[in-house]
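Take a look at the structure set out below.
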Number of protein chains: 2
Amino acid sequence: MPVQQNTALLDDIELNTATSSILDELIGYSLKRAHIHVNKSLIGKLGEHDLRPSQFAALVVISESPGLTQADLGGQLLIEPPQVVTLLNKLEKLGLAMRVRCKPDKRSYGIFLSKTGEQVLGQLKTAARDTDLEGTANLSDDERVQLLALLKKLYRG
Amino acid sequence: MPVQQNTALLDDIELNTATSSILDELIGYSLKRAHIHVNKSLIGKLGEHDLRPSQFAALVVISESPGLTQADLGGQLLIEPPQVVTLLNKLEKLGLAMRVRCKPDKRSYGIFLSKTGEQVLGQLKTAARDTDLEGTANLSDDERVQLLALLKKLYRG
DNA sequence: TATTGTTATACTCTATAACTATA
DNA sequence: TATAGTTATAGAGTATAACAATA
């Protein structure tokens, strides 16, 4: 029979909405959706400072280990050396961080925050805590604690 | 005093390892780390079929709503129309899905899986379940159930 | 005039190979 | 020779504007 026979039927297909999908069984898929959901507000807030989430994370790590090398920073952020270069170029351009040739090994830099970087980071920490609460508004405080514990156990072992 | 005075000290900086970081307070950050952790094995497995996670998710959605439009698909996957085009071009090139002009509205397509697409999807579903378990091996079955419930509550409300 | 899908474009993220300067 | 950082490049993901065909 001709293919076009189904045209009328196909027009009135109802999309699955309630049916259970394999995607709903996969923790990986729900992690992605949840991450998108929570990060929306953070991205918006950081955007006011011309920063991305990874750049905020870098500021935090540098602040907690001033003088660390680019290799150290990449290791903590789980990014490759070329990404560290791009990231630091941006932070230096914004006047928030700097490379200093202060190591005996003249190939490497010590990475430090500027005074401005420390000040901005202070503001960003508060903003990040706020947006994280906003993005998880569907959870109670107890549920937030449970979720955080489960997530850390998941990826830290 | 001269800046270089600190050189010897800076050489022996110890990186923070145990100190608590604000990043560890943010659910958004832990979601990202957990997602990276769980998705590694899935990406590897899907790579054997020249597929990415988003393309696997598209196969699932199409299979569950055969004949849906590109706008429907993009809505379910939370991606924009141009991304749907790229995604479907890839699936058609692999012979897994196809656009069919079967709607009264001649501007739109109905999207369907091919026979091969259905068969491949069957294999991929099993593989996805396996790799999701592998990637969450640090959790017990109870903890997986709890985590999934918390994640869905988080992004679905 | 509005909508579906498409193209073009751009910016971010990610990853690898090749290069430099130091070690 | 090996390593720290850099450059070049390429692929994937994301987003917007502009366009064609159809409504």
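Chain labels follow the order of the structure tokens: the first chain is A, the next B, and so on; residue numbering restarts at 1 in every chain, and ligands are counted from 1 in their shown order.
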
Quick one: everything within 12 Å of range 136-141 of chain B, counting only C-alpha atoms (C1' of nucleotides), minus sequence neighbours fewer than 5 positions away in the same chain. Send it as JSON, numbers by chain.
{"A": [26, 27, 28, 31, 149, 150, 151, 152, 153, 154, 155, 156, 157], "B": [34, 35, 36, 37, 38, 39, 40, 41, 42, 129, 130, 131, 146, 147, 148]}

Include C-alpha atoms and write out the residues we just selected as a CSV table (one decimal), in the first residue's frame.
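Listing of part31.csv after writing:
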chain,number,residue,atom,x,y,z
A,26,LEU,CA,19.7,6.9,34.0
A,27,ILE,CA,21.4,8.8,36.7
A,28,GLY,CA,23.7,10.4,34.1
A,31,LEU,CA,22.5,14.7,36.5
A,149,ALA,CA,26.5,13.9,50.3
A,150,LEU,CA,25.3,11.5,47.6
A,151,LEU,CA,27.0,13.5,44.8
A,152,LYS,CA,30.3,13.6,46.6
A,153,LYS,CA,30.2,9.9,47.4
A,154,LEU,CA,29.4,9.3,43.7
A,155,TYR,CA,32.4,11.1,42.2
A,156,ARG,CA,34.9,10.9,45.1
A,157,GLY,CA,34.3,7.3,46.0
B,34,ALA,CA,29.3,13.9,39.2
B,35,HIS,CA,28.0,14.3,35.6
B,36,ILE,CA,31.5,14.2,34.2
B,37,HIS,CA,32.3,11.1,36.3
B,38,VAL,CA,29.2,9.2,35.3
B,39,ASN,CA,29.3,10.2,31.6
B,40,LYS,CA,32.8,9.1,31.0
B,41,SER,CA,31.8,5.4,30.5
B,42,LEU,CA,28.7,6.3,28.5
B,129,ARG,CA,22.0,0.9,31.7
B,130,ASP,CA,25.3,-1.0,32.2
B,131,THR,CA,27.5,2.1,31.9
B,146,GLN,CA,17.5,8.2,46.6
B,147,LEU,CA,19.8,10.2,44.3
B,148,LEU,CA,17.5,9.8,41.3

What's around range 48-50 of chain A at 9 Å? Count only C-alpha atoms (C1' of nucleotides), leave out sequence neighbours fewer than 6 positions away in its own chain, and write the answer as a PyMOL selection string.
chain A and resi 94+120+124

Selected residues written out, N, CA, C and O atoms, as a PDB file, in the first residue's frame:
ATOM      1  N   LEU A  94      41.080  40.728  32.828  1.00  0.00           N
ATOM      2  CA  LEU A  94      40.115  41.382  33.723  1.00  0.00           C
ATOM      3  C   LEU A  94      40.792  41.968  34.967  1.00  0.00           C
ATOM      4  O   LEU A  94      40.120  42.587  35.797  1.00  0.00           O
ATOM      5  N   VAL A 120      36.590  40.918  44.277  1.00  0.00           N
ATOM      6  CA  VAL A 120      35.525  40.417  43.406  1.00  0.00           C
ATOM      7  C   VAL A 120      35.116  39.011  43.826  1.00  0.00           C
ATOM      8  O   VAL A 120      33.930  38.682  43.890  1.00  0.00           O
ATOM      9  N   LEU A 124      31.522  37.349  44.617  1.00  0.00           N
ATOM     10  CA  LEU A 124      31.037  36.215  43.823  1.00  0.00           C
ATOM     11  C   LEU A 124      30.665  35.022  44.702  1.00  0.00           C
ATOM     12  O   LEU A 124      29.718  34.290  44.400  1.00  0.00           O
TER      13      LEU A 124
END

How close does chain B get to chain D? List, as CSV, each residue of chain B within 10 Å, its nearest atom pair and the distance in Å to one decimal, counting only C-alpha atoms (C1' of nucleotides).
residue,atom,partner,partner_atom,distance
B:Arg52,CA,D:DA12,C1',9.1
B:Ser54,CA,D:DG13,C1',9.8
B:Ile79,CA,D:DT14,C1',8.2
B:Glu80,CA,D:DA15,C1',7.9
B:Pro82,CA,D:DA15,C1',9.4
B:Gln83,CA,D:DT14,C1',8.4
B:Asp105,CA,D:DA23,C1',7.4
B:Lys106,CA,D:DT22,C1',6.4
B:Arg107,CA,D:DT22,C1',5.4
B:Ser108,CA,D:DT22,C1',9.1

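For the pair CA of Ile43 in chain A and CA of Ala128 in chain A, the separation is 9.6 Å.
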
Provide as a compact mmCIF listing (two decimals) with all heavy atoms, in the first residue's frame the residues of chain C at most 12 Å from chain A, counting only C-alpha atoms (C1' of nucleotides).
# COMPACT_ATOMS: atom_id res chain seq x y z
P DC C 11 32.69 35.89 18.93
OP1 DC C 11 32.89 37.34 18.79
OP2 DC C 11 33.71 34.94 18.42
O5' DC C 11 32.45 35.57 20.47
C5' DC C 11 31.14 35.32 20.97
C4' DC C 11 31.13 34.05 21.82
O4' DC C 11 30.77 32.91 21.00
C3' DC C 11 32.47 33.69 22.47
O3' DC C 11 32.26 33.49 23.86
C2' DC C 11 32.89 32.42 21.76
C1' DC C 11 31.53 31.81 21.43
N1 DC C 11 31.55 30.76 20.36
C2 DC C 11 30.84 29.58 20.57
O2 DC C 11 30.19 29.45 21.62
N3 DC C 11 30.84 28.62 19.61
C4 DC C 11 31.54 28.81 18.49
N4 DC C 11 31.52 27.83 17.58
C5 DC C 11 32.28 30.01 18.26
C6 DC C 11 32.26 30.96 19.22
P DT C 12 33.52 33.36 24.90
OP1 DT C 12 33.32 34.31 25.99
OP2 DT C 12 34.78 33.35 24.11
O5' DT C 12 33.29 31.89 25.48
C5' DT C 12 32.01 31.53 25.97
C4' DT C 12 31.89 30.02 26.09
O4' DT C 12 31.87 29.43 24.77
C3' DT C 12 33.07 29.38 26.82
O3' DT C 12 32.58 28.75 28.00
C2' DT C 12 33.65 28.37 25.82
C1' DT C 12 32.50 28.17 24.85
N1 DT C 12 32.89 27.75 23.49
C2 DT C 12 32.47 26.53 23.01
O2 DT C 12 31.80 25.76 23.68
N3 DT C 12 32.88 26.22 21.73
C4 DT C 12 33.64 27.02 20.89
O4 DT C 12 33.94 26.64 19.76
C5 DT C 12 34.04 28.29 21.45
C7 DT C 12 34.87 29.23 20.63
C6 DT C 12 33.65 28.61 22.70
P DC C 13 33.58 28.11 29.06
OP1 DC C 13 32.89 28.09 30.36
OP2 DC C 13 34.89 28.77 28.93
O5' DC C 13 33.74 26.61 28.55
C5' DC C 13 32.57 25.84 28.29
C4' DC C 13 32.95 24.47 27.76
O4' DC C 13 33.21 24.54 26.34
C3' DC C 13 34.21 23.87 28.40
O3' DC C 13 33.90 22.58 28.89
C2' DC C 13 35.23 23.84 27.25
C1' DC C 13 34.31 23.72 26.04
N1 DC C 13 34.90 24.17 24.75
C2 DC C 13 34.89 23.30 23.65
O2 DC C 13 34.40 22.18 23.79
N3 DC C 13 35.42 23.72 22.48
C4 DC C 13 35.94 24.95 22.38
N4 DC C 13 36.44 25.31 21.20
C5 DC C 13 35.95 25.85 23.48
C6 DC C 13 35.43 25.42 24.65
P DT C 14 34.92 21.69 29.70
OP1 DT C 14 34.13 20.80 30.58
OP2 DT C 14 35.95 22.57 30.27
O5' DT C 14 35.58 20.80 28.57
C5' DT C 14 34.76 19.97 27.77
C4' DT C 14 35.60 19.31 26.69
O4' DT C 14 35.92 20.27 25.66
C3' DT C 14 36.93 18.75 27.20
O3' DT C 14 36.90 17.35 27.10
C2' DT C 14 37.98 19.37 26.27
C1' DT C 14 37.15 19.91 25.12
N1 DT C 14 37.72 21.13 24.50
C2 DT C 14 38.03 21.11 23.15
O2 DT C 14 37.87 20.13 22.45
N3 DT C 14 38.54 22.29 22.66
C4 DT C 14 38.76 23.46 23.37
O4 DT C 14 39.23 24.45 22.82
C5 DT C 14 38.42 23.41 24.77
C7 DT C 14 38.63 24.61 25.63
C6 DT C 14 37.92 22.26 25.25
P DA C 15 38.17 16.47 27.64
OP1 DA C 15 37.62 15.17 28.04
OP2 DA C 15 38.89 17.31 28.62
O5' DA C 15 39.09 16.26 26.37
C5' DA C 15 38.53 15.86 25.13
C4' DA C 15 39.61 15.82 24.06
O4' DA C 15 39.76 17.13 23.47
C3' DA C 15 41.00 15.42 24.60
O3' DA C 15 41.48 14.30 23.88
C2' DA C 15 41.85 16.65 24.40
C1' DA C 15 41.12 17.41 23.29
N9 DA C 15 41.32 18.86 23.37
C8 DA C 15 41.19 19.64 24.47
N7 DA C 15 41.41 20.92 24.25
C5 DA C 15 41.71 20.97 22.90
C6 DA C 15 42.04 22.02 22.04
N6 DA C 15 42.13 23.29 22.43
N1 DA C 15 42.27 21.72 20.74
C2 DA C 15 42.17 20.43 20.35
N3 DA C 15 41.87 19.37 21.06
C4 DA C 15 41.65 19.70 22.34
P DT C 16 42.91 13.62 24.22
OP1 DT C 16 42.66 12.17 24.18
OP2 DT C 16 43.48 14.24 25.43
O5' DT C 16 43.83 14.00 22.99
C5' DT C 16 43.28 13.94 21.67
C4' DT C 16 44.25 14.55 20.68
O4' DT C 16 44.13 15.99 20.73
C3' DT C 16 45.72 14.22 20.96
O3' DT C 16 46.30 13.66 19.79
C2' DT C 16 46.34 15.55 21.35
C1' DT C 16 45.42 16.55 20.67
N1 DT C 16 45.35 17.87 21.34
C2 DT C 16 45.50 19.01 20.58
O2 DT C 16 45.71 18.99 19.39
N3 DT C 16 45.41 20.18 21.30
C4 DT C 16 45.18 20.32 22.65
O4 DT C 16 45.12 21.42 23.17
C5 DT C 16 45.03 19.08 23.38
C7 DT C 16 44.78 19.12 24.85
C6 DT C 16 45.12 17.93 22.70
P DA C 17 47.89 13.16 19.85
OP1 DA C 17 47.91 11.84 19.21
OP2 DA C 17 48.43 13.35 21.22
O5' DA C 17 48.64 14.21 18.91
C5' DA C 17 47.98 14.70 17.74
C4' DA C 17 48.81 15.80 17.12
O4' DA C 17 48.53 17.05 17.78
C3' DA C 17 50.32 15.58 17.23
O3' DA C 17 50.95 16.00 16.03
C2' DA C 17 50.70 16.44 18.43
C1' DA C 17 49.73 17.60 18.30
N9 DA C 17 49.41 18.27 19.56
C8 DA C 17 49.09 17.68 20.76
N7 DA C 17 48.83 18.53 21.72
C5 DA C 17 48.99 19.77 21.11
C6 DA C 17 48.86 21.09 21.60
N6 DA C 17 48.53 21.38 22.86
N1 DA C 17 49.09 22.10 20.73
C2 DA C 17 49.42 21.80 19.47
N3 DA C 17 49.57 20.61 18.90
C4 DA C 17 49.34 19.63 19.78
P DT C 20 59.70 26.65 17.79
OP1 DT C 20 59.97 27.90 17.04
OP2 DT C 20 60.67 25.54 17.78
O5' DT C 20 59.41 27.01 19.30
C5' DT C 20 59.02 28.35 19.67
C4' DT C 20 59.42 28.57 21.11
O4' DT C 20 58.69 27.62 21.92
C3' DT C 20 60.90 28.29 21.35
O3' DT C 20 61.68 29.49 21.40
C2' DT C 20 60.94 27.48 22.65
C1' DT C 20 59.48 27.21 23.01
N1 DT C 20 59.17 25.78 23.32
C2 DT C 20 58.62 25.46 24.55
O2 DT C 20 58.38 26.30 25.39
N3 DT C 20 58.39 24.12 24.75
C4 DT C 20 58.64 23.10 23.86
O4 DT C 20 58.38 21.94 24.15
C5 DT C 20 59.22 23.51 22.60
C7 DT C 20 59.55 22.46 21.58
C6 DT C 20 59.46 24.81 22.39
P DA C 21 61.41 30.72 22.45
OP1 DA C 21 59.95 30.94 22.59
OP2 DA C 21 62.34 31.85 22.17
O5' DA C 21 61.93 30.09 23.83
C5' DA C 21 61.54 30.77 25.03
C4' DA C 21 61.93 29.92 26.22
O4' DA C 21 61.36 28.60 26.06
C3' DA C 21 63.44 29.66 26.36
O3' DA C 21 64.06 30.63 27.22
C2' DA C 21 63.54 28.23 26.87
C1' DA C 21 62.13 27.68 26.79
N9 DA C 21 62.05 26.38 26.12
C8 DA C 21 62.46 26.06 24.86
N7 DA C 21 62.26 24.80 24.53
C5 DA C 21 61.69 24.25 25.67
C6 DA C 21 61.25 22.95 25.97
N6 DA C 21 61.33 21.92 25.12
N1 DA C 21 60.72 22.73 27.20
C2 DA C 21 60.66 23.75 28.06
N3 DA C 21 61.04 25.02 27.88
C4 DA C 21 61.55 25.21 26.65
P DT C 22 63.64 30.68 28.75
OP1 DT C 22 62.31 30.11 28.86
OP2 DT C 22 63.92 32.01 29.25
O5' DT C 22 64.57 29.70 29.55
C5' DT C 22 64.22 29.47 30.88
C4' DT C 22 63.83 28.03 31.15
O4' DT C 22 63.76 27.22 29.97
C3' DT C 22 64.84 27.31 32.04
O3' DT C 22 64.40 27.36 33.36
C2' DT C 22 64.89 25.89 31.51
C1' DT C 22 63.84 25.88 30.40
N1 DT C 22 64.15 24.97 29.28
C2 DT C 22 63.87 23.63 29.40
O2 DT C 22 63.39 23.13 30.39
N3 DT C 22 64.17 22.87 28.29
C4 DT C 22 64.70 23.31 27.11
O4 DT C 22 64.93 22.53 26.19
C5 DT C 22 64.96 24.72 27.05
C7 DT C 22 65.55 25.31 25.81
C6 DT C 22 64.68 25.48 28.13
P DA C 23 65.44 26.95 34.49
OP1 DA C 23 64.89 27.33 35.79
OP2 DA C 23 66.75 27.44 34.05
O5' DA C 23 65.46 25.36 34.43
C5' DA C 23 64.30 24.67 34.83
C4' DA C 23 64.51 23.17 34.68
O4' DA C 23 64.65 22.87 33.30
C3' DA C 23 65.78 22.68 35.36
O3' DA C 23 65.42 22.06 36.58
C2' DA C 23 66.40 21.70 34.37
C1' DA C 23 65.44 21.70 33.20
N9 DA C 23 66.05 21.75 31.86
C8 DA C 23 66.62 22.83 31.26
N7 DA C 23 67.05 22.58 30.04
C5 DA C 23 66.75 21.25 29.84
C6 DA C 23 66.94 20.37 28.76
N6 DA C 23 67.53 20.75 27.62
N1 DA C 23 66.50 19.11 28.90
C2 DA C 23 65.92 18.74 30.05
N3 DA C 23 65.67 19.47 31.13
C4 DA C 23 66.12 20.72 30.96

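Of the residues listed (A:Leu88, A:Leu68, A:Ile111, A:Ala97), A:Leu68 shows the shortest atom-to-atom separation from chain B; distances use only C-alpha atoms.
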
Could you pull out the residues in chain B that DSSP calls strand (DSSP E or B) from the backbone, as a PyMOL selection string?
chain B and resi 68+97-100+110-113

If DSSP is run on the backbone, what residues of range 9-70 of chain B are helix (DSSP H, G or I)? A reply as a tab-separated table (two decimals) with N, CA, C and O atoms, in the first residue's frame would be ideal.
chain	number	residue	atom	x	y	z
B	9	LEU	N	60.24	30.86	49.72
B	9	LEU	CA	59.01	30.42	50.35
B	9	LEU	C	58.02	29.88	49.32
B	9	LEU	O	57.42	28.83	49.48
B	10	LEU	N	57.86	30.65	48.24
B	10	LEU	CA	56.86	30.29	47.23
B	10	LEU	C	57.15	28.93	46.61
B	10	LEU	O	56.25	28.25	46.14
B	11	ASP	N	58.40	28.55	46.63
B	11	ASP	CA	58.77	27.27	46.03
B	11	ASP	C	58.16	26.11	46.78
B	11	ASP	O	57.88	25.07	46.21
B	22	ILE	N	34.49	26.62	49.14
B	22	ILE	CA	33.11	27.00	48.84
B	22	ILE	C	32.56	26.14	47.71
B	22	ILE	O	31.35	25.86	47.66
B	23	LEU	N	33.43	25.67	46.83
B	23	LEU	CA	32.97	24.82	45.73
B	23	LEU	C	32.27	23.58	46.27
B	23	LEU	O	31.35	23.05	45.64
B	24	ASP	N	32.73	23.11	47.45
B	24	ASP	CA	32.14	21.90	48.03
B	24	ASP	C	30.77	22.17	48.65
B	24	ASP	O	30.06	21.24	49.00
B	25	GLU	N	30.43	23.44	48.80
B	25	GLU	CA	29.10	23.79	49.33
B	25	GLU	C	28.08	23.88	48.21
B	25	GLU	O	26.86	23.83	48.48
B	27	ILE	N	25.85	22.88	45.23
B	27	ILE	CA	25.27	21.72	44.58
B	27	ILE	C	25.56	21.75	43.08
B	27	ILE	O	25.84	20.72	42.47
B	28	GLY	N	25.53	22.94	42.50
B	28	GLY	CA	25.81	23.06	41.06
B	28	GLY	C	27.17	22.52	40.70
B	28	GLY	O	27.33	21.83	39.68
B	29	TYR	N	28.18	22.79	41.53
B	29	TYR	CA	29.53	22.31	41.23
B	29	TYR	C	29.62	20.80	41.36
B	29	TYR	O	30.21	20.13	40.51
B	30	SER	N	29.02	20.24	42.42
B	30	SER	CA	29.05	18.79	42.59
B	30	SER	C	28.26	18.08	41.50
B	30	SER	O	28.60	16.96	41.10
B	31	LEU	N	27.19	18.73	41.02
B	31	LEU	CA	26.44	18.15	39.90
B	31	LEU	C	27.33	18.03	38.67
B	31	LEU	O	27.30	17.02	37.96
B	32	LYS	N	28.12	19.06	38.44
B	32	LYS	CA	29.00	19.03	37.28
B	32	LYS	C	30.03	17.91	37.40
B	32	LYS	O	30.23	17.13	36.46
B	33	ARG	N	30.68	17.82	38.57
B	33	ARG	CA	31.69	16.79	38.76
B	33	ARG	C	31.08	15.40	38.64
B	33	ARG	O	31.66	14.50	38.03
B	34	ALA	N	29.92	15.22	39.26
B	34	ALA	CA	29.27	13.91	39.21
B	34	ALA	C	28.88	13.56	37.78
B	34	ALA	O	29.02	12.41	37.34
B	35	HIS	N	28.41	14.56	37.03
B	35	HIS	CA	28.01	14.31	35.65
B	35	HIS	C	29.20	13.89	34.80
B	35	HIS	O	29.12	12.94	34.02
B	36	ILE	N	30.31	14.59	34.96
B	36	ILE	CA	31.53	14.23	34.23
B	36	ILE	C	31.93	12.79	34.57
B	36	ILE	O	32.24	12.00	33.69
B	37	HIS	N	31.88	12.47	35.87
B	37	HIS	CA	32.28	11.14	36.33
B	37	HIS	C	31.42	10.04	35.70
B	37	HIS	O	31.94	9.05	35.18
B	38	VAL	N	30.10	10.22	35.75
B	38	VAL	CA	29.19	9.17	35.27
B	38	VAL	C	29.22	9.08	33.75
B	38	VAL	O	29.11	7.98	33.19
B	39	ASN	N	29.39	10.21	33.08
B	39	ASN	CA	29.27	10.20	31.62
B	39	ASN	C	30.49	9.66	30.89
B	39	ASN	O	30.40	9.35	29.71
B	40	LYS	N	31.61	9.57	31.61
B	40	LYS	CA	32.82	9.08	30.95
B	40	LYS	C	32.59	7.73	30.29
B	40	LYS	O	32.90	7.52	29.13
B	41	SER	N	32.02	6.79	31.06
B	41	SER	CA	31.85	5.44	30.53
B	41	SER	C	30.81	5.41	29.41
B	41	SER	O	30.96	4.69	28.43
B	42	LEU	N	29.75	6.24	29.56
B	42	LEU	CA	28.73	6.27	28.51
B	42	LEU	C	29.29	6.80	27.20
B	42	LEU	O	29.04	6.24	26.13
B	43	ILE	N	30.08	7.88	27.30
B	43	ILE	CA	30.69	8.46	26.10
B	43	ILE	C	31.56	7.43	25.40
B	43	ILE	O	31.52	7.29	24.18
B	44	GLY	N	32.34	6.69	26.17
B	44	GLY	CA	33.19	5.67	25.60
B	44	GLY	C	32.39	4.60	24.87
B	44	GLY	O	32.73	4.21	23.74
B	45	LYS	N	31.32	4.16	25.52
B	45	LYS	CA	30.50	3.09	24.93
B	45	LYS	C	29.81	3.56	23.66
B	45	LYS	O	29.81	2.86	22.64
B	46	LEU	N	29.18	4.75	23.71
B	46	LEU	CA	28.47	5.26	22.54
B	46	LEU	C	29.45	5.54	21.40
B	46	LEU	O	29.08	5.45	20.22
B	47	GLY	N	30.69	5.89	21.75
B	47	GLY	CA	31.70	6.19	20.74
B	47	GLY	C	31.93	5.02	19.80
B	47	GLY	O	32.24	5.21	18.62
B	53	PRO	N	26.16	11.31	23.55
B	53	PRO	CA	25.03	11.16	24.46
B	53	PRO	C	23.75	11.85	23.97
B	53	PRO	O	22.66	11.28	24.08
B	54	SER	N	23.87	13.06	23.43
B	54	SER	CA	22.67	13.77	22.99
B	54	SER	C	22.00	13.05	21.82
B	54	SER	O	20.77	13.10	21.67
B	55	GLN	N	22.81	12.39	20.99
B	55	GLN	CA	22.25	11.65	19.87
B	55	GLN	C	21.54	10.38	20.34
B	55	GLN	O	20.50	9.99	19.78
B	56	PHE	N	22.10	9.75	21.36
B	56	PHE	CA	21.41	8.62	21.97
B	56	PHE	C	20.07	9.06	22.57
B	56	PHE	O	19.03	8.42	22.35
B	57	ALA	N	20.08	10.18	23.28
B	57	ALA	CA	18.83	10.69	23.88
B	57	ALA	C	17.81	10.98	22.78
B	57	ALA	O	16.61	10.72	22.96
B	58	ALA	N	18.26	11.50	21.65
B	58	ALA	CA	17.34	11.78	20.54
B	58	ALA	C	16.72	10.49	20.02
B	58	ALA	O	15.51	10.44	19.76
B	59	LEU	N	17.52	9.45	19.86
B	59	LEU	CA	17.00	8.15	19.41
B	59	LEU	C	15.89	7.68	20.36
B	59	LEU	O	14.84	7.19	19.92
B	60	VAL	N	16.12	7.81	21.64
B	60	VAL	CA	15.13	7.39	22.63
B	60	VAL	C	13.83	8.18	22.46
B	60	VAL	O	12.73	7.61	22.39
B	61	VAL	N	13.95	9.50	22.37
B	61	VAL	CA	12.77	10.35	22.28
B	61	VAL	C	12.00	10.06	20.99
B	61	VAL	O	10.76	9.98	21.00
B	62	ILE	N	12.70	9.91	19.89
B	62	ILE	CA	12.04	9.61	18.61
B	62	ILE	C	11.32	8.27	18.70
B	62	ILE	O	10.18	8.13	18.26
B	63	SER	N	11.99	7.29	19.30
B	63	SER	CA	11.40	5.96	19.42
B	63	SER	C	10.12	5.99	20.24
B	63	SER	O	9.19	5.23	19.98
B	64	GLU	N	10.07	6.88	21.23
B	64	GLU	CA	8.92	6.95	22.12
B	64	GLU	C	7.79	7.82	21.56
B	64	GLU	O	6.65	7.74	22.04
B	70	GLN	N	10.50	18.32	14.44
B	70	GLN	CA	11.80	18.76	14.94
B	70	GLN	C	11.62	19.71	16.12
B	70	GLN	O	12.41	19.69	17.06

In Å, rounded to a single decimal, give me how far CA of Gln123 in chain B is from CA of Gly135 in chain B.
18.4 Å

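Separating CA of Gly95 in chain A from CA of Leu51 in chain A is a distance of 12.3 Å.
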
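Between chain B and the residues A:Ser114, A:Ser20, A:Thr126, A:Ser65, the shortest atom-to-atom distance, using only C-alpha atoms, involves A:Ser65.
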
With distances taken over only C-alpha atoms, which of B:Leu91, B:Lys115, B:Leu96, B:Gly122 is nearest to chain A?
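For chain A, the nearest of the given residues is B:Gly122.
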